[in-house]
Amino acid sequence: MNINDMTFDDMIKELESLDIKDMYLNDFFLTWEKTDDEIKAVWTVADALRNLRERNISTKVFDSGLGISLFRDNSTRTRFSFASACNLLGLEVQDLDEKKSQVAHGETVRETANMISFMADVIGIRDDMYIGKGNAYMHEVTQAVQEGYEAGVLEQRPTLVNLQCDIDHPTQLMADTLHIIHEFGGIENIKGKKIAMTWAYSPSYGKPLSVPQGAIGLLTRLGADVVLAHPDGYDVMPEVEEVARKNAEASGGSFTKTNSMAEAFKDADIVYPKSWAPFAAMEKRTNLYGEGDFDGIDKLEKELLAQNAEHKDWTCSEELMATTKDGKALYLHCLPADISGVSCEEGEVDASVFDRYRDPLYKEASFKPYVIAAMIVLEKFKDPVKLLKDLEAEGKARIHKN
Amino acid sequence: MNINDMTFDDMIKELESLDIKDMYLNDFFLTWEKTDDEIKAVWTVADALRNLRERNISTKVFDSGLGISLFRDNSTRTRFSFASACNLLGLEVQDLDEKKSQVAHGETVRETANMISFMADVIGIRDDMYIGKGNAYMHEVTQAVQEGYEAGVLEQRPTLVNLQCDIDHPTQLMADTLHIIHEFGGIENIKGKKIAMTWAYSPSYGKPLSVPQGAIGLLTRLGADVVLAHPDGYDVMPEVEEVARKNAEASGGSFTKTNSMAEAFKDADIVYPKSWAPFAAMEKRTNLYGEGDFDGIDKLEKELLAQNAEHKDWTCSEELMATTKDGKALYLHCLPADISGVSCEEGEVDASVFDRYRDPLYKEASFKPYVIAAMIVLEKFKDPVKLLKDLEAEGKARIHKN
Amino acid sequence: MNINDMTFDDMIKELESLDIKDMYLNDFFLTWEKTDDEIKAVWTVADALRNLRERNISTKVFDSGLGISLFRDNSTRTRFSFASACNLLGLEVQDLDEKKSQVAHGETVRETANMISFMADVIGIRDDMYIGKGNAYMHEVTQAVQEGYEAGVLEQRPTLVNLQCDIDHPTQLMADTLHIIHEFGGIENIKGKKIAMTWAYSPSYGKPLSVPQGAIGLLTRLGADVVLAHPDGYDVMPEVEEVARKNAEASGGSFTKTNSMAEAFKDADIVYPKSWAPFAAMEKRTNLYGEGDFDGIDKLEKELLAQNAEHKDWTCSEELMATTKDGKALYLHCLPADISGVSCEEGEVDASVFDRYRDPLYKEASFKPYVIAAMIVLEKFKDPVKLLKDLEAEGKARIHKN
């Protein structure tokens, strides 16, 4: 059945068929720590929540409760996606703005995590800047609240949604992939398709690796032929490449690498051209920060920008797009994109290409609030099937009927 | 019937008599883009919502949903008014703080508008600093979300409330005028009254034109004799003066201009003395900003302050107040006022005048949350009459009955 | 009956026995302005709200409404406690961030207080930095909204929760004491116990006096032997010592002072070692600020740090803890603590002591949201007994039943 024809009941049936018992009271760190069933459950619940909202049926499953957000980097879309997801479920967002807090004045992670969690049902964290740090920090937080819960300090154990770490960007890639699934009519239709996750030139410095890593870690599970393309020296974390390799093997797809953008684009069904910083350089930067060597960081930044500038030909041009499957590959981006002649002189993508894909790109982004909400539902409710059925049966209006 | 004696049923009857079908799924930019019926509907719904709240009846018409706010200038009362209005209706405010966002990093208005709107039912924007920019920006935003809605990106089309632009300050003036209406016992009692919208001296620089412009654009619709007074050179936008002239003609009132504060105050029933910057100077400043000419801006600021200082006699003194109708004109201000001897050495108003009108001034401000909520209700509900009746019939307590 | 065995019905019975009629529509400034019954009512309602939440029963008594917060100092735990309390009751928090507001531009306290309060049911303020200012400011705010209410500007009169002033930190101490009561099995078991509120060394400057003052002002009401210990020159406000003396007399306990930490710890049942600045120095600093004498403030800071450094032996060491009752006194702290070898070289407490008491310390903090919520309930509802009974009878789920 084409996924776009699925009714709410079809979604419920799909969800009933999945083994998701380990998601309850658990966290969402990396997609590859989740089973295929668990991944599918997130997509199915996301679609079901959207279906209910489209029919003006309230999905407010919390009468009160907080969703704590902690952004260690500027953010528009992830911030609003998290806020939207929490609002959709009835949680009020409280942002832990570290500048307004006493975090810097001697509080440990363990202490802060407990202090903000007395009424917290979920914690969303974005911490993607330092290799080896972000994901580790999230684990420290969940460990802390787990201990607080076991010690009777917390009445509920807030669960975590990884809003981007140094390794993965699960809410982004889960949304991107749900978009692909809807565009292709179903998960089974991705099998055998060619997906190019490729580096692209940007005049800016130090873009996180979490998107390309998240992409090869998730898309290889769909039985597709995933190609990772980047100039020499722009490697991602080797551990994640290993994940991609294993996933591809298990799914009957493939995972290959190339240093040619043209090769990656050739006959591709889906392309995801996006800039990122070399893993090794990011690791070096993290160490320089640790040593407080700001001159070293300045020097590194200049080197990286110079290195980037050698690869201005890595851009998603009309010419390259024409070489994709029927010249009509699905173009993906996590946004904001560096658009040549619009947001920068030379960038990741031609303005005409970007313009043509604007609506699909925005649709791609529109899945993120639902994906986050689905993660929360699966983490906080033992029987999501019953929950969704109850919500439909209760049929409370989101907007007062008029 | 005196408006202060109207029951909830009277308000419903009033609302039933108005043609408001074009307000549904529409925006609120400028008062003079709305028909008389539409303007009256906002006031009537505002009064009805207040009536319900006073009787502890919940007006929470959204079970979930976001109200997005975007303030491009500091704000206390408008910020809290918007937050109060959203809360009253069940929307959670999410503030788009551009400093915390990636807006500066290459996102277009179109992109940002869509990215924040997946769960947004309403967007409130304050952008009043640059002539020719604020209102245009708001139109760009609504255009963007309209396109997003039509393309299926957004499930609902968030509507806009103009929280102050370079041309009008509709929530302020609608609240001010509703205050006048209640003070005079009804809209019909404003006919033939003299209203003085006059410039007043302030030691600060560059106060927005939106209040005097909004005032002459709205108050001329009530059949009153509206006088705009300011020193030579402090003109407002000529287009808005044209609006005022046409309104006055249609309503059977008048619109006149003078360079004498005394003349404006003479026998006035209502006075609104307030500082603003000359339109031509604000236009110049906008251009200097556009050119990045900060020395030019500094120079302009000094010139303007010197120019202001030539008109220190333009102040709402006890002497001038004594010349108004029975010495008791209704004194209006959008707050905060520059009070002589209190918040500045010499300012817009004598301390004793301000003190005498403190309670009415605060009442004036108290209408703003309800006016904003009324705009939202009229934009989001096809049948506001039925909605209000339903709310009263349901009679859900705002505060738990006790 | 041991307080930890009390059922919800027992709490209701307890509450019925208390005279709390003066709390309704009143504020909470200082614990010693409240009767014993009123203090007990806060604790009982706090326990009852917690009991309901633990049974997944919603305590959302406001369908809409705002809780305004105003923090004039950085804050994590108080900020989140206030947000949690408001959320628990159904109020949405709106933070008055003075940097984003026009407060500095000529608004009076009276004006701001009214402008933010149109939909406000409660206002929480933290203003602890300047001796003679914080509490006075809070009174100014409540006076302003009282006048606004009486003048018909405000439809409801927002009540105040003191989130820390220059004199007292009632939400902290009420939470600390409720923690003690639960640890000792009941209020009656505190009688005759020895409680040591003692100064401790910190390498930082100017910690507020509100905690030690709040402690001696509240704990002396329980019939305990309260000892205030600090080095010579670290006196707290004499007025509060006078309160402590009178309280001790009335309760059958005692209030004594010493300049020896060892004497205070000897056989103590409870210890609260915490740094603070000398009252006289804080008063001097306040005056220097008033005069804009920033050089003087710098000089004072250096003097105070040098003075602090003479008392590094005032630390909650394992050796001192061993001298307490059975070597197992209950260790209290308002957090964050200056932990020797962890958050500073030498500080208030040994790392091993802090670690051993980590869970109890976090439990201590966990009472604060409930204490704040209880204050709000008692201020806003005429018949809290009926309210709590109603909530239990209605039995609405906080998290959707699953």
# chains A, B, ... in the order shown; residues from 1 in each chain; ligands from 1
>>> interface_residues(of="chain A", to="chain C", cutoff="9 Å", atoms="only C-alpha atoms", output="MDAnalysis selection string")
chainID A and resid 60:66 92 94 96:103 105:108 111:112 114:120 147:148 151:156 381:384 386:387
>>> write_last_selection(atoms="C-alpha atoms", output="short mmCIF file (atom, residue, chain, number, x, y, z; two decimals), in the first residue's frame")
data_model
loop_
_atom_site.label_atom_id
_atom_site.label_comp_id
_atom_site.auth_asym_id
_atom_site.auth_seq_id
_atom_site.Cartn_x
_atom_site.Cartn_y
_atom_site.Cartn_z
CA LYS A 60 -2.52 16.65 24.20
CA VAL A 61 -1.51 13.65 26.27
CA PHE A 62 0.05 15.65 29.09
CA ASP A 63 -2.25 17.81 31.20
CA SER A 64 0.82 19.51 32.65
CA GLY A 65 4.54 18.83 32.64
CA LEU A 66 7.69 20.40 31.26
CA GLU A 92 5.38 23.46 28.31
CA GLN A 94 11.34 25.63 29.66
CA LEU A 96 17.74 26.19 30.17
CA ASP A 97 19.61 29.27 29.04
CA GLU A 98 23.04 28.67 30.48
CA LYS A 99 23.77 32.39 30.44
CA LYS A 100 20.89 33.06 32.81
CA SER A 101 21.67 30.11 35.05
CA GLN A 102 24.24 29.33 37.70
CA VAL A 103 25.57 26.40 35.70
CA HIS A 105 29.19 28.77 39.04
CA GLY A 106 30.18 25.38 40.28
CA GLU A 107 27.23 23.20 39.50
CA THR A 108 27.92 19.76 38.16
CA GLU A 111 23.22 18.57 39.92
CA THR A 112 21.80 20.73 37.16
CA ASN A 114 18.24 16.97 38.69
CA MET A 115 17.47 20.56 39.61
CA ILE A 116 15.66 21.24 36.34
CA SER A 117 13.84 17.91 36.21
CA PHE A 118 11.38 17.90 39.10
CA MET A 119 8.47 18.37 36.69
CA ALA A 120 10.29 17.39 33.50
CA GLU A 147 20.11 8.11 39.50
CA GLY A 148 17.85 10.90 40.72
CA ALA A 151 17.00 7.74 44.65
CA GLY A 152 13.45 9.08 44.84
CA VAL A 153 14.53 12.63 44.05
CA LEU A 154 12.53 12.70 40.83
CA GLU A 155 8.99 11.36 40.65
CA GLN A 156 9.33 10.67 36.96
CA PHE A 381 3.80 5.68 27.01
CA LYS A 382 3.87 1.95 27.52
CA ASP A 383 1.10 1.28 25.03
CA PRO A 384 1.21 3.86 22.24
CA LYS A 386 -3.91 2.22 22.94
CA LEU A 387 -2.97 5.85 23.42
#
>>> residues_around(residues="A:Asn4", least_positions_apart="6", cutoff="12 Å", atoms="only C-alpha atoms", output="ChimeraX atom specification")
/A:10-11,44,47-48,51,178-187
>>> select_by_dssp(residues="stretch 73-282 of chain A", states="strand (DSSP E or B)", output="ChimeraX atom specification")
/A:92-95,120-127,159-165,194-199,225-229,254-258,270-274
>>> select_by_dssp(residues="stretch 208-387 of chain B", states="helix (DSSP H, G or I)", output="VMD selection string")
chain B and resid 210 to 222 238 to 251 261 to 265 279 to 291 294 to 309 318 to 322 325 to 327 351 to 356 358 to 380 384 to 387
>>> residues_around(residues="B:Glu379", least_positions_apart="6", cutoff="10 Å", atoms="only C-alpha atoms", output="ChimeraX atom specification")
/B:20-28,121-122,158-161,373
>>> write_last_selection(atoms="N, CA and C atoms", output="short mmCIF file (atom, residue, chain, number, x, y, z; two decimals), in the first residue's frame")
data_model
loop_
_atom_site.label_atom_id
_atom_site.label_comp_id
_atom_site.auth_asym_id
_atom_site.auth_seq_id
_atom_site.Cartn_x
_atom_site.Cartn_y
_atom_site.Cartn_z
N ILE B 20 -18.58 40.41 8.77
CA ILE B 20 -17.17 40.16 9.13
C ILE B 20 -16.60 38.96 8.39
N LYS B 21 -17.28 38.53 7.35
CA LYS B 21 -16.85 37.28 6.72
C LYS B 21 -15.45 37.35 6.11
N ASP B 22 -15.00 38.56 5.74
CA ASP B 22 -13.66 38.66 5.14
C ASP B 22 -12.52 38.65 6.15
N MET B 23 -12.87 38.67 7.42
CA MET B 23 -11.79 38.66 8.43
C MET B 23 -11.22 37.26 8.61
N TYR B 24 -12.04 36.25 8.32
CA TYR B 24 -11.65 34.85 8.55
C TYR B 24 -10.44 34.47 7.69
N LEU B 25 -9.42 33.96 8.34
CA LEU B 25 -8.15 33.55 7.70
C LEU B 25 -7.42 34.73 7.07
N ASN B 26 -7.75 35.91 7.51
CA ASN B 26 -7.11 37.11 7.02
C ASN B 26 -6.19 37.70 8.11
N ASP B 27 -5.48 38.75 7.78
CA ASP B 27 -4.52 39.36 8.69
C ASP B 27 -5.01 40.73 9.14
N PHE B 28 -4.29 41.31 10.13
CA PHE B 28 -4.61 42.66 10.56
C PHE B 28 -3.35 43.51 10.46
N ASP B 121 -0.59 29.23 14.95
CA ASP B 121 -1.91 29.72 14.56
C ASP B 121 -1.90 31.22 14.33
N VAL B 122 -0.96 31.88 14.95
CA VAL B 122 -0.90 33.33 14.79
C VAL B 122 0.55 33.80 14.92
N PRO B 158 -1.01 30.45 9.53
CA PRO B 158 -0.99 31.40 10.65
C PRO B 158 -1.36 32.79 10.16
N THR B 159 -2.19 33.47 10.92
CA THR B 159 -2.59 34.82 10.54
C THR B 159 -1.76 35.82 11.34
N LEU B 160 -1.72 37.03 10.83
CA LEU B 160 -0.82 38.02 11.42
C LEU B 160 -1.56 39.07 12.24
N VAL B 161 -0.94 39.42 13.36
CA VAL B 161 -1.36 40.61 14.09
C VAL B 161 -0.19 41.59 14.08
N ALA B 373 -6.59 39.60 21.38
CA ALA B 373 -7.31 38.33 21.40
C ALA B 373 -8.50 38.37 20.43
#
>>> residues_around(residues="C:Gly217", least_positions_apart="6", cutoff="9 Å", atoms="only C-alpha atoms", output="list in words")
Leu30, Thr31, Trp32, Asp168, Val240, Glu241, Glu242, Val243, Ala244, Arg245 and Asn247 of chain C
>>> write_last_selection(atoms="N, CA, C and O atoms", output="JSON list (two decimals), in the first residue's frame")
[["chain", "number", "residue", "atom", "x", "y", "z"],
["C", 30, "LEU", "N", 7.81, 37.27, 54.09],
["C", 30, "LEU", "CA", 8.76, 36.76, 55.09],
["C", 30, "LEU", "C", 8.05, 35.70, 55.92],
["C", 30, "LEU", "O", 6.88, 35.87, 56.28],
["C", 31, "THR", "N", 8.75, 34.65, 56.26],
["C", 31, "THR", "CA", 8.07, 33.58, 57.03],
["C", 31, "THR", "C", 7.58, 34.10, 58.37],
["C", 31, "THR", "O", 6.53, 33.68, 58.85],
["C", 32, "TRP", "N", 8.33, 35.05, 58.99],
["C", 32, "TRP", "CA", 7.91, 35.50, 60.32],
["C", 32, "TRP", "C", 6.76, 36.49, 60.30],
["C", 32, "TRP", "O", 6.32, 36.95, 61.35],
["C", 168, "ASP", "N", 14.97, 37.64, 53.50],
["C", 168, "ASP", "CA", 14.55, 36.25, 53.69],
["C", 168, "ASP", "C", 14.57, 35.53, 52.34],
["C", 168, "ASP", "O", 14.57, 36.18, 51.29],
["C", 240, "VAL", "N", 16.77, 40.55, 62.27],
["C", 240, "VAL", "CA", 16.39, 39.16, 62.07],
["C", 240, "VAL", "C", 16.84, 38.32, 63.27],
["C", 240, "VAL", "O", 16.16, 37.38, 63.70],
["C", 241, "GLU", "N", 17.97, 38.69, 63.86],
["C", 241, "GLU", "CA", 18.39, 38.00, 65.10],
["C", 241, "GLU", "C", 17.33, 38.19, 66.18],
["C", 241, "GLU", "O", 17.03, 37.27, 66.95],
["C", 242, "GLU", "N", 16.77, 39.38, 66.20],
["C", 242, "GLU", "CA", 15.72, 39.68, 67.19],
["C", 242, "GLU", "C", 14.50, 38.79, 66.94],
["C", 242, "GLU", "O", 13.89, 38.25, 67.88],
["C", 243, "VAL", "N", 14.15, 38.62, 65.68],
["C", 243, "VAL", "CA", 13.05, 37.71, 65.31],
["C", 243, "VAL", "C", 13.35, 36.31, 65.82],
["C", 243, "VAL", "O", 12.50, 35.65, 66.44],
["C", 244, "ALA", "N", 14.59, 35.87, 65.60],
["C", 244, "ALA", "CA", 14.97, 34.51, 66.00],
["C", 244, "ALA", "C", 14.84, 34.34, 67.51],
["C", 244, "ALA", "O", 14.34, 33.32, 68.00],
["C", 245, "ARG", "N", 15.29, 35.35, 68.22],
["C", 245, "ARG", "CA", 15.22, 35.29, 69.70],
["C", 245, "ARG", "C", 13.77, 35.16, 70.18],
["C", 245, "ARG", "O", 13.45, 34.31, 71.00],
["C", 247, "ASN", "N", 11.15, 34.16, 68.44],
["C", 247, "ASN", "CA", 10.60, 32.88, 67.99],
["C", 247, "ASN", "C", 11.00, 31.75, 68.93],
["C", 247, "ASN", "O", 10.17, 30.90, 69.29]]
>>> residues_around(residues="B:Leu330", least_positions_apart="3", cutoff="12 Å", atoms="only C-alpha atoms", output="PyMOL selection string")
chain B and resi 176-177+179-184+193-197+265+267-273+321-322+324-327+333+353-354+356-361+364
>>> write_last_selection(atoms="N, CA, C and O atoms", output="CSV table (one decimal), in the first residue's frame")
chain,number,residue,atom,x,y,z
B,176,ASP,N,-6.8,52.1,22.6
B,176,ASP,CA,-7.0,53.5,23.0
B,176,ASP,C,-8.4,53.9,22.7
B,176,ASP,O,-9.1,54.6,23.5
B,177,THR,N,-8.9,53.6,21.5
B,177,THR,CA,-10.2,54.0,21.0
B,177,THR,C,-11.3,53.3,21.8
B,177,THR,O,-12.3,53.9,22.1
B,179,HIS,N,-11.1,52.4,24.8
B,179,HIS,CA,-11.1,53.1,26.0
B,179,HIS,C,-11.9,54.4,25.9
B,179,HIS,O,-12.8,54.6,26.8
B,180,ILE,N,-11.7,55.1,24.9
B,180,ILE,CA,-12.5,56.4,24.6
B,180,ILE,C,-14.0,56.0,24.6
B,180,ILE,O,-14.8,56.7,25.2
B,181,ILE,N,-14.3,55.0,23.8
B,181,ILE,CA,-15.7,54.6,23.7
B,181,ILE,C,-16.4,54.3,25.0
B,181,ILE,O,-17.5,54.7,25.3
B,182,HIS,N,-15.6,53.5,25.8
B,182,HIS,CA,-16.2,53.2,27.2
B,182,HIS,C,-16.3,54.5,28.0
B,182,HIS,O,-17.2,54.6,28.8
B,183,GLU,N,-15.3,55.4,27.9
B,183,GLU,CA,-15.3,56.6,28.7
B,183,GLU,C,-16.5,57.5,28.3
B,183,GLU,O,-17.1,58.2,29.2
B,184,PHE,N,-16.8,57.5,27.0
B,184,PHE,CA,-17.9,58.4,26.5
B,184,PHE,C,-19.2,57.6,26.4
B,184,PHE,O,-20.2,58.2,26.0
B,193,LYS,N,-17.1,65.3,18.8
B,193,LYS,CA,-16.2,65.7,19.8
B,193,LYS,C,-14.9,66.1,19.2
B,193,LYS,O,-14.5,65.7,18.1
B,194,LYS,N,-14.1,66.9,19.9
B,194,LYS,CA,-12.8,67.4,19.4
B,194,LYS,C,-11.7,66.5,20.0
B,194,LYS,O,-11.5,66.4,21.2
B,195,ILE,N,-10.9,66.0,19.2
B,195,ILE,CA,-9.8,65.1,19.6
B,195,ILE,C,-8.5,65.7,19.1
B,195,ILE,O,-8.3,65.9,17.9
B,196,ALA,N,-7.5,66.0,20.0
B,196,ALA,CA,-6.3,66.6,19.7
B,196,ALA,C,-5.1,65.6,19.8
B,196,ALA,O,-4.8,65.1,20.8
B,197,MET,N,-4.6,65.2,18.6
B,197,MET,CA,-3.4,64.3,18.5
B,197,MET,C,-2.3,65.3,18.4
B,197,MET,O,-2.1,65.9,17.3
B,265,PHE,N,-5.5,72.1,21.8
B,265,PHE,CA,-6.1,71.8,23.1
B,265,PHE,C,-7.4,72.6,23.4
B,265,PHE,O,-8.2,72.1,24.2
B,267,ASP,N,-10.7,73.7,24.1
B,267,ASP,CA,-12.0,73.0,24.1
B,267,ASP,C,-12.0,71.6,23.6
B,267,ASP,O,-13.1,71.0,23.3
B,268,ALA,N,-10.8,70.9,23.6
B,268,ALA,CA,-10.7,69.5,23.2
B,268,ALA,C,-11.4,68.6,24.2
B,268,ALA,O,-11.3,68.9,25.4
B,269,ASP,N,-12.1,67.6,23.7
B,269,ASP,CA,-12.7,66.6,24.6
B,269,ASP,C,-11.7,65.5,25.0
B,269,ASP,O,-11.8,64.9,26.0
B,270,ILE,N,-10.7,65.3,24.1
B,270,ILE,CA,-9.7,64.3,24.2
B,270,ILE,C,-8.4,64.8,23.7
B,270,ILE,O,-8.3,65.4,22.7
B,271,VAL,N,-7.3,64.6,24.5
B,271,VAL,CA,-6.0,65.0,24.1
B,271,VAL,C,-5.0,63.8,24.1
B,271,VAL,O,-5.1,63.0,25.0
B,272,TYR,N,-4.1,63.8,23.1
B,272,TYR,CA,-3.2,62.7,23.0
B,272,TYR,C,-1.8,63.3,22.7
B,272,TYR,O,-1.4,63.3,21.6
B,273,PRO,N,-1.2,63.9,23.7
B,273,PRO,CA,0.1,64.6,23.5
B,273,PRO,C,1.3,63.6,23.6
B,273,PRO,O,1.4,63.0,24.7
B,321,MET,N,-4.1,72.0,29.9
B,321,MET,CA,-5.3,71.2,30.2
B,321,MET,C,-6.5,72.0,30.7
B,321,MET,O,-7.6,71.6,30.4
B,322,ALA,N,-6.2,73.1,31.3
B,322,ALA,CA,-7.3,74.0,31.8
B,322,ALA,C,-8.1,74.6,30.7
B,322,ALA,O,-9.2,74.9,30.8
B,324,THR,N,-8.9,72.9,28.0
B,324,THR,CA,-9.7,71.9,27.3
B,324,THR,C,-11.2,72.0,27.8
B,324,THR,O,-11.5,72.7,28.7
B,325,LYS,N,-12.0,71.2,27.2
B,325,LYS,CA,-13.5,71.2,27.5
B,325,LYS,C,-13.7,71.0,29.0
B,325,LYS,O,-13.3,70.0,29.6
B,326,ASP,N,-14.3,72.0,29.6
B,326,ASP,CA,-14.5,72.0,31.1
B,326,ASP,C,-13.2,71.8,31.9
B,326,ASP,O,-13.2,71.3,33.0
B,327,GLY,N,-12.0,71.9,31.2
B,327,GLY,CA,-10.7,71.7,31.9
B,327,GLY,C,-10.5,70.2,32.1
B,327,GLY,O,-9.6,69.8,32.9
B,333,HIS,N,-2.4,58.4,26.5
B,333,HIS,CA,-0.9,58.1,26.2
B,333,HIS,C,-0.7,56.6,26.0
B,333,HIS,O,-1.4,55.8,26.7
B,353,VAL,N,-0.5,66.4,36.0
B,353,VAL,CA,-1.5,66.0,35.0
B,353,VAL,C,-1.5,64.4,34.9
B,353,VAL,O,-2.5,63.8,35.0
B,354,PHE,N,-0.3,63.9,34.7
B,354,PHE,CA,-0.1,62.5,34.6
B,354,PHE,C,-0.7,61.7,35.8
B,354,PHE,O,-1.4,60.7,35.6
B,356,ARG,N,-3.0,62.6,37.8
B,356,ARG,CA,-4.5,62.7,37.9
B,356,ARG,C,-5.1,61.7,36.9
B,356,ARG,O,-6.2,61.2,37.2
B,357,TYR,N,-4.4,61.4,35.9
B,357,TYR,CA,-5.0,60.5,34.9
B,357,TYR,C,-4.4,59.1,34.9
B,357,TYR,O,-4.6,58.3,34.0
B,358,ARG,N,-3.7,58.8,36.0
B,358,ARG,CA,-3.0,57.5,36.1
B,358,ARG,C,-3.9,56.3,35.9
B,358,ARG,O,-3.7,55.4,35.0
B,359,ASP,N,-5.0,56.3,36.7
B,359,ASP,CA,-5.9,55.1,36.6
B,359,ASP,C,-6.6,55.0,35.2
B,359,ASP,O,-6.6,53.9,34.6
B,360,PRO,N,-7.1,56.1,34.6
B,360,PRO,CA,-7.6,56.0,33.3
B,360,PRO,C,-6.6,55.5,32.3
B,360,PRO,O,-6.9,54.7,31.4
B,361,LEU,N,-5.3,56.0,32.4
B,361,LEU,CA,-4.3,55.5,31.5
B,361,LEU,C,-4.0,54.0,31.6
B,361,LEU,O,-3.8,53.4,30.6
B,364,GLU,N,-6.8,52.3,30.0
B,364,GLU,CA,-6.6,52.4,28.5
B,364,GLU,C,-5.7,51.2,28.0
B,364,GLU,O,-6.0,50.5,27.1
>>> residues_around(residues="stretch 275-285 of chain A", least_positions_apart="5", cutoff="9 Å", atoms="only C-alpha atoms", output="VMD selection string")
chain A and resid 129 to 132 198 to 202 204 to 212 233 to 237 290 296 to 297 300 to 301 304 308 338 347 to 348
>>> atom_distance(atom1="atom CA of A:Gly395", atom2="atom CA of A:Arg55")
9.2 Å
>>> closest_residue(among="B:Thr7, B:Ser352, B:Thr142, B:Asn2", to="B:Phe29", atoms="only C-alpha atoms")
B:Thr142
